[in-house]
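K.L.:
File follows, final.cif with mmCIF, C-alpha atoms and all ligand atoms:
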```cif
data_my_file
loop_
_atom_site.group_PDB
_atom_site.id
_atom_site.type_symbol
_atom_site.label_atom_id
_atom_site.label_comp_id
_atom_site.auth_asym_id
_atom_site.auth_seq_id
_atom_site.Cartn_x
_atom_site.Cartn_y
_atom_site.Cartn_z
ATOM 1 C CA MET A 1 0.000 0.000 0.000
ATOM 2 C CA ILE A 2 1.263 3.460 -0.908
ATOM 3 C CA ILE A 3 0.444 6.301 1.472
ATOM 4 C CA ALA A 4 0.156 9.578 -0.437
ATOM 5 C CA LYS A 5 0.157 12.804 1.555
ATOM 6 C CA THR A 6 0.292 15.312 -1.286
ATOM 7 C CA ILE A 7 -1.430 15.654 -4.647
ATOM 8 C CA ALA A 8 1.897 15.009 -6.403
ATOM 9 C CA GLU A 9 2.436 11.808 -4.399
ATOM 10 C CA LEU A 10 -1.081 10.656 -5.267
ATOM 11 C CA GLN A 11 -0.564 11.243 -9.000
ATOM 12 C CA GLU A 12 2.786 9.463 -8.837
ATOM 13 C CA ALA A 13 1.243 6.535 -6.937
ATOM 14 C CA LYS A 14 -1.549 6.171 -9.505
ATOM 15 C CA LYS A 15 1.032 6.121 -12.290
ATOM 16 C CA SER A 16 3.190 3.469 -10.641
ATOM 17 C CA LEU A 17 0.141 1.356 -9.839
ATOM 18 C CA ARG A 18 -0.845 1.246 -13.472
ATOM 19 C CA GLN A 19 2.711 0.552 -14.613
ATOM 20 C CA ALA A 20 3.228 -2.234 -12.064
ATOM 21 C CA GLN A 21 0.082 -4.022 -13.112
ATOM 22 C CA GLY A 22 0.549 -3.267 -16.795
ATOM 23 C CA THR A 23 -3.090 -2.274 -17.029
ATOM 24 C CA ARG A 24 -5.398 0.680 -17.034
ATOM 25 C CA GLY A 25 -7.907 -1.279 -14.954
ATOM 26 C CA SER A 26 -10.797 0.355 -13.175
ATOM 27 C CA ILE A 27 -10.179 2.391 -10.036
ATOM 28 C CA GLY A 28 -12.622 2.113 -7.134
ATOM 29 C CA PHE A 29 -12.608 4.961 -4.638
ATOM 30 C CA VAL A 30 -13.894 5.251 -1.056
ATOM 31 C CA PRO A 31 -13.750 8.727 0.522
ATOM 32 C CA THR A 32 -13.803 8.786 4.343
ATOM 33 C CA MET A 33 -13.021 10.970 7.316
ATOM 34 C CA GLY A 34 -11.180 8.128 9.052
ATOM 35 C CA ALA A 35 -11.721 6.501 12.467
ATOM 36 C CA LEU A 36 -12.633 3.517 10.330
ATOM 37 C CA HIS A 37 -15.210 0.968 11.497
ATOM 38 C CA GLN A 38 -17.090 -1.969 9.992
ATOM 39 C CA GLY A 39 -19.348 0.411 8.051
ATOM 40 C CA HIS A 40 -16.350 1.833 6.195
ATOM 41 C CA LEU A 41 -14.933 -1.660 5.873
ATOM 42 C CA SER A 42 -17.980 -2.910 3.989
ATOM 43 C CA LEU A 43 -17.462 -0.112 1.434
ATOM 44 C CA LEU A 44 -13.780 -1.032 1.127
ATOM 45 C CA GLN A 45 -14.626 -4.699 0.620
ATOM 46 C CA GLN A 46 -17.214 -4.019 -2.061
ATOM 47 C CA ALA A 47 -14.895 -1.596 -3.863
ATOM 48 C CA ARG A 48 -12.011 -4.099 -3.636
ATOM 49 C CA LYS A 49 -14.130 -6.820 -5.231
ATOM 50 C CA GLU A 50 -15.416 -4.675 -8.083
ATOM 51 C CA ASN A 51 -12.213 -2.929 -9.214
ATOM 52 C CA ALA A 52 -8.650 -3.575 -10.316
ATOM 53 C CA HIS A 53 -7.355 -0.790 -8.061
ATOM 54 C CA LEU A 54 -8.599 0.628 -4.774
ATOM 55 C CA ILE A 55 -7.973 4.157 -3.508
ATOM 56 C CA VAL A 56 -9.191 5.294 -0.080
ATOM 57 C CA SER A 57 -8.981 8.828 1.250
ATOM 58 C CA ILE A 58 -8.927 9.936 4.852
ATOM 59 C CA PHE A 59 -9.527 13.647 5.157
ATOM 60 C CA VAL A 60 -11.431 15.419 7.923
ATOM 61 C CA ASN A 61 -12.766 18.163 5.703
ATOM 62 C CA PRO A 62 -13.023 21.480 7.575
ATOM 63 C CA THR A 63 -15.417 23.123 5.104
ATOM 64 C CA GLN A 64 -18.250 20.724 5.912
ATOM 65 C CA PHE A 65 -18.150 21.428 9.651
ATOM 66 C CA LEU A 66 -20.183 24.365 10.908
ATOM 67 C CA GLU A 67 -18.978 26.885 13.478
ATOM 68 C CA GLY A 68 -19.230 25.193 16.893
ATOM 69 C CA GLU A 69 -19.334 21.631 15.517
ATOM 70 C CA ASP A 70 -16.853 18.922 16.491
ATOM 71 C CA LEU A 71 -14.094 19.539 13.905
ATOM 72 C CA ASP A 72 -11.295 19.720 16.491
ATOM 73 C CA ALA A 73 -12.677 16.830 18.533
ATOM 74 C CA TYR A 74 -13.463 14.604 15.536
ATOM 75 C CA PRO A 75 -11.949 11.165 16.320
ATOM 76 C CA ARG A 76 -8.601 10.535 14.604
ATOM 77 C CA ARG A 77 -7.050 7.094 14.444
ATOM 78 C CA ASP A 78 -4.443 7.445 11.708
ATOM 79 C CA GLU A 79 -2.188 4.544 12.692
ATOM 80 C CA ALA A 80 -5.053 2.073 13.231
ATOM 81 C CA ASP A 81 -6.683 3.268 9.988
ATOM 82 C CA LYS A 82 -3.487 2.644 8.011
ATOM 83 C CA LYS A 83 -3.408 -0.954 9.276
ATOM 84 C CA ILE A 84 -7.081 -1.506 8.425
ATOM 85 C CA CYS A 85 -6.514 -0.175 4.902
ATOM 86 C CA GLU A 86 -3.389 -2.290 4.424
ATOM 87 C CA ARG A 87 -5.273 -5.421 5.523
ATOM 88 C CA SER A 88 -8.224 -4.555 3.268
ATOM 89 C CA GLY A 89 -6.111 -4.547 0.121
ATOM 90 C CA VAL A 90 -6.085 -0.791 -0.406
ATOM 91 C CA ASP A 91 -3.564 0.181 -3.106
ATOM 92 C CA ILE A 92 -3.327 3.882 -2.316
ATOM 93 C CA LEU A 93 -4.279 5.599 0.923
ATOM 94 C CA PHE A 94 -4.588 9.337 0.323
ATOM 95 C CA MET A 95 -4.189 11.410 3.497
ATOM 96 C CA PRO A 96 -3.753 15.027 2.437
ATOM 97 C CA ASP A 97 -3.364 18.008 4.746
ATOM 98 C CA ILE A 98 -5.714 20.986 4.504
ATOM 99 C CA ASP A 99 -3.290 23.202 2.561
ATOM 100 C CA SER A 100 -2.906 20.581 -0.188
ATOM 101 C CA MET A 101 -6.654 20.538 -0.689
ATOM 102 C CA TYR A 102 -7.608 24.229 -0.517
ATOM 103 C CA GLU A 103 -6.376 27.618 -1.549
ATOM 104 C CA LYS A 104 -7.577 30.875 0.002
ATOM 105 C CA ASP A 105 -9.942 32.228 -2.645
ATOM 106 C CA GLU A 106 -11.722 29.182 -3.981
ATOM 107 C CA LEU A 107 -14.313 28.680 -6.647
ATOM 108 C CA CYS A 108 -17.169 26.903 -4.872
ATOM 109 C CA ILE A 109 -20.106 24.819 -5.919
ATOM 110 C CA GLY A 110 -23.233 24.923 -3.799
ATOM 111 C CA ALA A 111 -25.861 22.432 -2.739
ATOM 112 C CA PRO A 112 -29.092 22.694 -4.753
ATOM 113 C CA ALA A 113 -31.648 25.126 -3.324
ATOM 114 C CA LEU A 114 -34.372 22.596 -2.509
ATOM 115 C CA ARG A 115 -32.836 19.194 -1.770
ATOM 116 C CA GLY A 116 -29.683 20.697 -0.273
ATOM 117 C CA TYR A 117 -31.464 22.792 2.334
ATOM 118 C CA VAL A 118 -33.979 20.428 3.895
ATOM 119 C CA LEU A 119 -33.387 17.962 6.765
ATOM 120 C CA GLU A 120 -29.583 17.758 7.276
ATOM 121 C CA GLY A 121 -29.157 20.798 5.036
ATOM 122 C CA GLU A 122 -31.634 22.812 7.109
ATOM 123 C CA LYS A 123 -30.147 21.775 10.455
ATOM 124 C CA ARG A 124 -26.555 22.177 9.235
ATOM 125 C CA PRO A 125 -26.717 25.059 6.720
ATOM 126 C CA GLY A 126 -23.594 25.072 4.561
ATOM 127 C CA HIS A 127 -22.624 21.504 5.458
ATOM 128 C CA PHE A 128 -23.520 20.122 2.051
ATOM 129 C CA ASP A 129 -21.743 22.962 0.205
ATOM 130 C CA GLY A 130 -18.516 21.953 1.943
ATOM 131 C CA MET A 131 -19.182 18.264 1.454
ATOM 132 C CA LEU A 132 -19.824 18.649 -2.297
ATOM 133 C CA GLN A 133 -16.762 20.879 -2.661
ATOM 134 C CA VAL A 134 -14.445 18.247 -1.184
ATOM 135 C CA VAL A 135 -16.123 15.278 -2.862
ATOM 136 C CA MET A 136 -15.770 16.996 -6.268
ATOM 137 C CA LYS A 137 -12.048 17.499 -5.583
ATOM 138 C CA LEU A 138 -11.551 13.935 -4.335
ATOM 139 C CA LEU A 139 -13.462 12.323 -7.207
ATOM 140 C CA ASN A 140 -11.387 14.304 -9.719
ATOM 141 C CA LEU A 141 -8.136 13.441 -7.957
ATOM 142 C CA SER A 142 -8.924 9.742 -7.701
ATOM 143 C CA SER A 143 -9.705 9.258 -11.436
ATOM 144 C CA ALA A 144 -12.099 6.577 -10.188
ATOM 145 C CA SER A 145 -14.676 4.956 -12.403
ATOM 146 C CA LYS A 146 -16.713 3.921 -9.350
ATOM 147 C CA ALA A 147 -17.022 5.667 -5.992
ATOM 148 C CA TYR A 148 -18.685 4.085 -2.967
ATOM 149 C CA PHE A 149 -20.951 5.943 -0.525
ATOM 150 C CA GLY A 150 -22.970 4.643 2.429
ATOM 151 C CA LYS A 151 -26.754 4.887 2.546
ATOM 152 C CA LYS A 152 -26.163 5.893 6.181
ATOM 153 C CA ASP A 153 -25.690 9.433 4.854
ATOM 154 C CA ALA A 154 -28.666 9.195 2.534
ATOM 155 C CA GLN A 155 -28.965 12.875 1.690
ATOM 156 C CA GLN A 156 -25.227 13.120 1.044
ATOM 157 C CA LEU A 157 -25.504 10.162 -1.313
ATOM 158 C CA ALA A 158 -28.424 11.782 -3.172
ATOM 159 C CA LEU A 159 -26.587 15.103 -3.519
ATOM 160 C CA VAL A 160 -23.318 13.528 -4.673
ATOM 161 C CA SER A 161 -25.289 11.551 -7.284
ATOM 162 C CA GLN A 162 -26.963 14.791 -8.373
ATOM 163 C CA MET A 163 -23.607 16.597 -8.602
ATOM 164 C CA VAL A 164 -22.187 13.837 -10.791
ATOM 165 C CA LYS A 165 -25.259 14.069 -13.025
ATOM 166 C CA ASN A 166 -25.420 17.885 -13.173
ATOM 167 C CA TYR A 167 -21.689 18.276 -13.866
ATOM 168 C CA PHE A 168 -21.502 15.319 -16.298
ATOM 169 C CA MET A 169 -18.764 13.706 -14.230
ATOM 170 C CA ASP A 170 -17.457 10.401 -15.516
ATOM 171 C CA VAL A 171 -17.857 8.333 -12.362
ATOM 172 C CA GLU A 172 -20.498 5.915 -11.137
ATOM 173 C CA ILE A 173 -21.774 6.439 -7.588
ATOM 174 C CA ILE A 174 -22.412 3.121 -5.844
ATOM 175 C CA PRO A 175 -24.788 3.155 -2.829
ATOM 176 C CA CYS A 176 -23.807 0.737 -0.023
ATOM 177 C CA ASP A 177 -26.040 -0.689 2.698
ATOM 178 C CA ILE A 178 -25.947 0.559 6.297
ATOM 179 C CA VAL A 179 -23.902 -1.580 8.687
ATOM 180 C CA ARG A 180 -25.259 -1.853 12.254
ATOM 181 C CA ASP A 181 -23.986 -3.369 15.493
ATOM 182 C CA GLU A 182 -25.606 -6.501 16.950
ATOM 183 C CA ASN A 183 -28.253 -4.357 18.681
ATOM 184 C CA GLY A 184 -29.198 -2.384 15.597
ATOM 185 C CA LEU A 185 -27.230 0.822 16.231
ATOM 186 C CA ALA A 186 -25.950 2.202 12.917
ATOM 187 C CA LEU A 187 -22.150 2.318 13.089
ATOM 188 C CA SER A 188 -20.641 5.783 13.096
ATOM 189 C CA SER A 189 -17.244 7.241 13.956
ATOM 190 C CA ARG A 190 -19.099 9.491 16.405
ATOM 191 C CA ASN A 191 -20.428 6.477 18.395
ATOM 192 C CA VAL A 192 -17.155 6.587 20.373
ATOM 193 C CA TYR A 193 -18.647 9.571 22.216
ATOM 194 C CA LEU A 194 -21.442 7.357 23.638
ATOM 195 C CA ASP A 195 -21.120 5.695 27.063
ATOM 196 C CA ALA A 196 -22.876 2.375 27.718
ATOM 197 C CA GLN A 197 -26.074 3.945 28.963
ATOM 198 C CA GLN A 198 -26.243 6.407 26.084
ATOM 199 C CA LYS A 199 -25.592 3.582 23.616
ATOM 200 C CA GLN A 200 -28.640 1.871 25.039
ATOM 201 C CA ARG A 201 -30.762 5.001 24.610
ATOM 202 C CA ALA A 202 -29.381 5.521 21.090
ATOM 203 C CA LEU A 203 -31.060 2.264 20.069
ATOM 204 C CA ALA A 204 -34.313 4.233 20.000
ATOM 205 C CA LEU A 205 -33.318 5.539 16.550
ATOM 206 C CA SER A 206 -33.221 2.135 14.863
ATOM 207 C CA ARG A 207 -36.185 0.985 16.957
ATOM 208 C CA SER A 208 -38.266 3.897 15.617
ATOM 209 C CA LEU A 209 -37.337 2.890 12.068
ATOM 210 C CA LYS A 210 -38.301 -0.725 12.768
ATOM 211 C CA GLN A 211 -41.622 0.447 14.184
ATOM 212 C CA ALA A 212 -42.233 2.489 11.027
ATOM 213 C CA THR A 213 -41.514 -0.554 8.851
ATOM 214 C CA LYS A 214 -43.883 -2.649 10.921
ATOM 215 C CA MET A 215 -46.636 -0.092 10.390
ATOM 216 C CA VAL A 216 -46.002 0.045 6.640
ATOM 217 C CA MET A 217 -46.017 -3.752 6.440
ATOM 218 C CA SER A 218 -49.371 -3.838 8.193
ATOM 219 C CA GLY A 219 -50.812 -1.394 5.653
ATOM 220 C CA GLU A 220 -50.370 1.997 7.350
ATOM 221 C CA LEU A 221 -48.995 4.364 4.707
ATOM 222 C CA ASN A 222 -49.949 7.761 6.130
ATOM 223 C CA VAL A 223 -46.726 9.672 6.746
ATOM 224 C CA GLU A 224 -48.022 11.827 9.623
ATOM 225 C CA THR A 225 -49.407 8.806 11.487
ATOM 226 C CA ILE A 226 -46.119 6.924 11.128
ATOM 227 C CA LYS A 227 -44.012 9.923 12.175
ATOM 228 C CA LYS A 228 -46.169 10.450 15.275
ATOM 229 C CA GLU A 229 -45.626 6.852 16.348
ATOM 230 C CA MET A 230 -41.891 7.138 15.665
ATOM 231 C CA ARG A 231 -41.656 10.164 17.976
ATOM 232 C CA HIS A 232 -43.230 8.048 20.775
ATOM 233 C CA VAL A 233 -40.517 5.425 20.329
ATOM 234 C CA LEU A 234 -37.889 8.200 20.323
ATOM 235 C CA ASP A 235 -38.883 9.244 23.856
ATOM 236 C CA GLU A 236 -35.532 8.086 25.271
ATOM 237 C CA VAL A 237 -33.252 10.355 23.233
ATOM 238 C CA ASP A 238 -32.295 13.802 24.498
ATOM 239 C CA GLU A 239 -33.692 15.711 21.543
ATOM 240 C CA VAL A 240 -35.242 14.696 18.252
ATOM 241 C CA GLU A 241 -34.093 17.006 15.446
ATOM 242 C CA TYR A 242 -36.289 15.573 12.754
ATOM 243 C CA VAL A 243 -38.288 12.563 11.705
ATOM 244 C CA ALA A 244 -39.037 12.516 7.995
ATOM 245 C CA ILE A 245 -40.344 10.333 5.233
ATOM 246 C CA VAL A 246 -39.339 11.377 1.723
ATOM 247 C CA ASP A 247 -39.058 9.801 -1.669
ATOM 248 C CA ARG A 248 -35.648 8.688 -2.977
ATOM 249 C CA ALA A 249 -35.149 12.151 -4.502
ATOM 250 C CA PHE A 250 -35.867 13.761 -1.110
ATOM 251 C CA ASN A 251 -39.276 15.161 -2.039
ATOM 252 C CA ASP A 252 -41.893 15.214 0.745
ATOM 253 C CA LEU A 253 -44.493 12.475 0.749
ATOM 254 C CA LYS A 254 -47.990 12.286 2.196
ATOM 255 C CA GLU A 255 -48.105 8.524 1.822
ATOM 256 C CA VAL A 256 -45.235 6.039 1.873
ATOM 257 C CA GLU A 257 -44.425 4.769 -1.625
ATOM 258 C CA ILE A 258 -43.110 1.258 -1.140
ATOM 259 C CA GLY A 259 -39.892 0.835 -3.120
ATOM 260 C CA ASN A 260 -39.340 4.604 -3.403
ATOM 261 C CA SER A 261 -39.208 5.952 0.164
ATOM 262 C CA ILE A 262 -36.633 6.740 2.816
ATOM 263 C CA ILE A 263 -37.523 7.103 6.486
ATOM 264 C CA LEU A 264 -35.029 9.300 8.320
ATOM 265 C CA VAL A 265 -34.308 10.312 11.864
ATOM 266 C CA ALA A 266 -31.787 12.680 13.484
ATOM 267 C CA ALA A 267 -31.459 12.991 17.263
ATOM 268 C CA TRP A 268 -29.099 14.001 20.033
ATOM 269 C CA VAL A 269 -27.991 11.433 22.598
ATOM 270 C CA GLY A 270 -25.428 12.851 25.008
ATOM 271 C CA LYS A 271 -22.629 14.531 23.058
ATOM 272 C CA PRO A 272 -23.196 13.258 19.523
ATOM 273 C CA ARG A 273 -25.885 14.037 17.047
ATOM 274 C CA LEU A 274 -26.916 10.720 15.487
ATOM 275 C CA ILE A 275 -28.604 9.999 12.167
ATOM 276 C CA ASP A 276 -30.155 6.847 10.818
ATOM 277 C CA ASN A 277 -32.518 5.878 8.035
ATOM 278 C CA LEU A 278 -34.256 3.023 6.349
ATOM 279 C CA TRP A 279 -35.002 2.556 2.655
ATOM 280 C CA ILE A 280 -38.424 1.086 2.136
HETATM 281 P P1 LIG A 301 -17.405 9.218 7.055
HETATM 282 O O1 LIG A 301 -16.027 8.748 7.396
HETATM 283 O O2 LIG A 301 -18.321 9.253 8.239
HETATM 284 O O3 LIG A 301 -17.415 10.471 6.235
HETATM 285 O O4 LIG A 301 -18.015 8.081 6.122
HETATM 286 C C1 LIG A 301 -17.394 7.684 4.937
HETATM 287 C C2 LIG A 301 -18.352 6.827 4.138
HETATM 288 O O5 LIG A 301 -18.715 5.682 4.909
HETATM 289 C C3 LIG A 301 -19.655 7.571 3.804
HETATM 290 O O6 LIG A 301 -20.036 7.242 2.474
HETATM 291 C C4 LIG A 301 -20.625 7.020 4.802
HETATM 292 O O7 LIG A 301 -21.971 7.046 4.382
HETATM 293 C C5 LIG A 301 -20.129 5.569 4.952
HETATM 294 N N1 LIG A 301 -20.589 5.003 6.214
HETATM 295 C C6 LIG A 301 -20.421 5.518 7.461
HETATM 296 N N2 LIG A 301 -21.019 4.744 8.380
HETATM 297 C C7 LIG A 301 -21.582 3.715 7.703
HETATM 298 C C8 LIG A 301 -22.368 2.572 8.090
HETATM 299 N N3 LIG A 301 -22.681 2.330 9.355
HETATM 300 N N4 LIG A 301 -22.769 1.729 7.120
HETATM 301 C C9 LIG A 301 -22.455 1.961 5.818
HETATM 302 N N5 LIG A 301 -21.738 3.024 5.389
HETATM 303 C C10 LIG A 301 -21.304 3.883 6.313
#
```
What would you get if you wrote out this structure as structure tokens?
Ligand code: AMP
P.N.:
Amino acid sequence: MIIAKTIAELQEAKKSLRQAQGTRGSIGFVPTMGALHQGHLSLLQQARKENAHLIVSIFVNPTQFLEGEDLDAYPRRDEADKKICERSGVDILFMPDIDSMYEKDELCIGAPALRGYVLEGEKRPGHFDGMLQVVMKLLNLSSASKAYFGKKDAQQLALVSQMVKNYFMDVEIIPCDIVRDENGLALSSRNVYLDAQQKQRALALSRSLKQATKMVMSGELNVETIKKEMRHVLDEVDEVEYVAIVDRAFNDLKEVEIGNSIILVAAWVGKPRLIDNLWI
């Protein structure tokens, strides 16, 4: 595995990879912010299987954190992450510093007015602008033909797919299933902030999604009725930020459309803000 810390090192590494293998085989790319867990690992495994080469990036992108968010406290596990990547068959691990990625007066792209400013975009205004800015850079740098994103960040996935479509970018965005722990808690780098008792209370998120599925399966399709019941289940969290049911393009729904809906929840439990969702 080659560890590239600068853009020049990344370009050099891509060149030597192709030369060594005597091929221009497909590149799979997995962008991350590190503190890798099984959720990330499942993306790495899928990308490894489907491509000749695998590039992973670890970059805690400052422009997607809002004032007062946990940028400085975001968990960093560089040495452990390097080992995980090495063991997962990563060819190039790209770990740039901030100055390699940004200059002072940047040209920026923005999240779309409607889909980019509801739910996560409403609660974290500007977050998606920063996310799209860095993902555009990383996709271009990776020269990947396929890039892998978790459904865990469903709105991010939808916006990245829209960016690729709107800017005619030559990369396929592959959605990957959410990985959960044995109790149903969606894995997240921020789960390290949870103590045992909070972890228990955090299970309310996935439980509310299960309850919603149960209602849909028994014929209840009314969005307001389902959301009301979900809020009951979410009693144990400190604060619910939103409960929503939208179609796969993030348009509001009055009734669940089976096969085209996403049920989402965001809530605070102790220090972290947690998100989870279910595609139905
Ligand atoms: P992050 O490091 O949190 O920016 O995540 C990097 C990628 O891993 C994103 O595409 C996430 O959606 C994905 N991811 C994070 N947690 C999970 C999970 N529990 N299951 C599947 N994908 C995940």
K.L.:
Using the chain letters and numbers from the file, which residues does the PyMOL selection byres (((chain A and resi 81) around 9) and not hetatm) grab, as a list of chain:residue names?
P.N.:
A:Gly34, A:Ala35, A:Leu36, A:His37, A:Ile58, A:Arg76, A:Arg77, A:Asp78, A:Glu79, A:Ala80, A:Lys82, A:Lys83, A:Ile84, A:Cys85, A:Glu86
K.L.:
Could you tell me how far CA of Ile98 (chain A) lies from CA of Ser57 (chain A), in Å and to one decimal?
P.N.:
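Rounded to one decimal, the two atoms are 13.0 Å apart.
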K.L.:
Any chance you could work out the residue set of the PyMOL selection byres (((chain A and resi 198-207) around 8) and not hetatm) here, as a ChimeraX atom specification?
P.N.:
/A:183-186,191,194-197,208-211,233-237,265-267,269-270,275-277
K.L.:
Please write as a PyMOL selection string the full residue list that the PyMOL selection byres (((not hetatm)) within 10 of (chain A and resi 301)) yields on this file.
P.N.:
chain A and resi 30-44+56-61+131+147-157+174-181+185-190+275-276
K.L.:
Any idea what the distance is between CA of Leu221 (chain A) and CA of Arg115 (chain A)?
P.N.:
22.9 Å
K.L.:
Of the candidates A:Gln45, A:Ser100, A:Ser161, A:Gln64, which shows the shortest atom-to-atom distance to Phe128 (chain A), using all atoms listed in the file?
P.N.:
A:Gln64
K.L.:
Could you check the closest approach to Ile263 (chain A) for each of A:Ala212, A:Glu229, A:Leu17, A:Met217 and tell me which residue wins, using only C-alpha atoms?
P.N.:
A:Ala212
K.L.:
Distance CA of Arg248 (chain A)-CA of Ile27 (chain A), one decimal place?
P.N.:
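Answer for the CA of Arg248 (chain A) to CA of Ile27 (chain A) separation: 27.2 Å.
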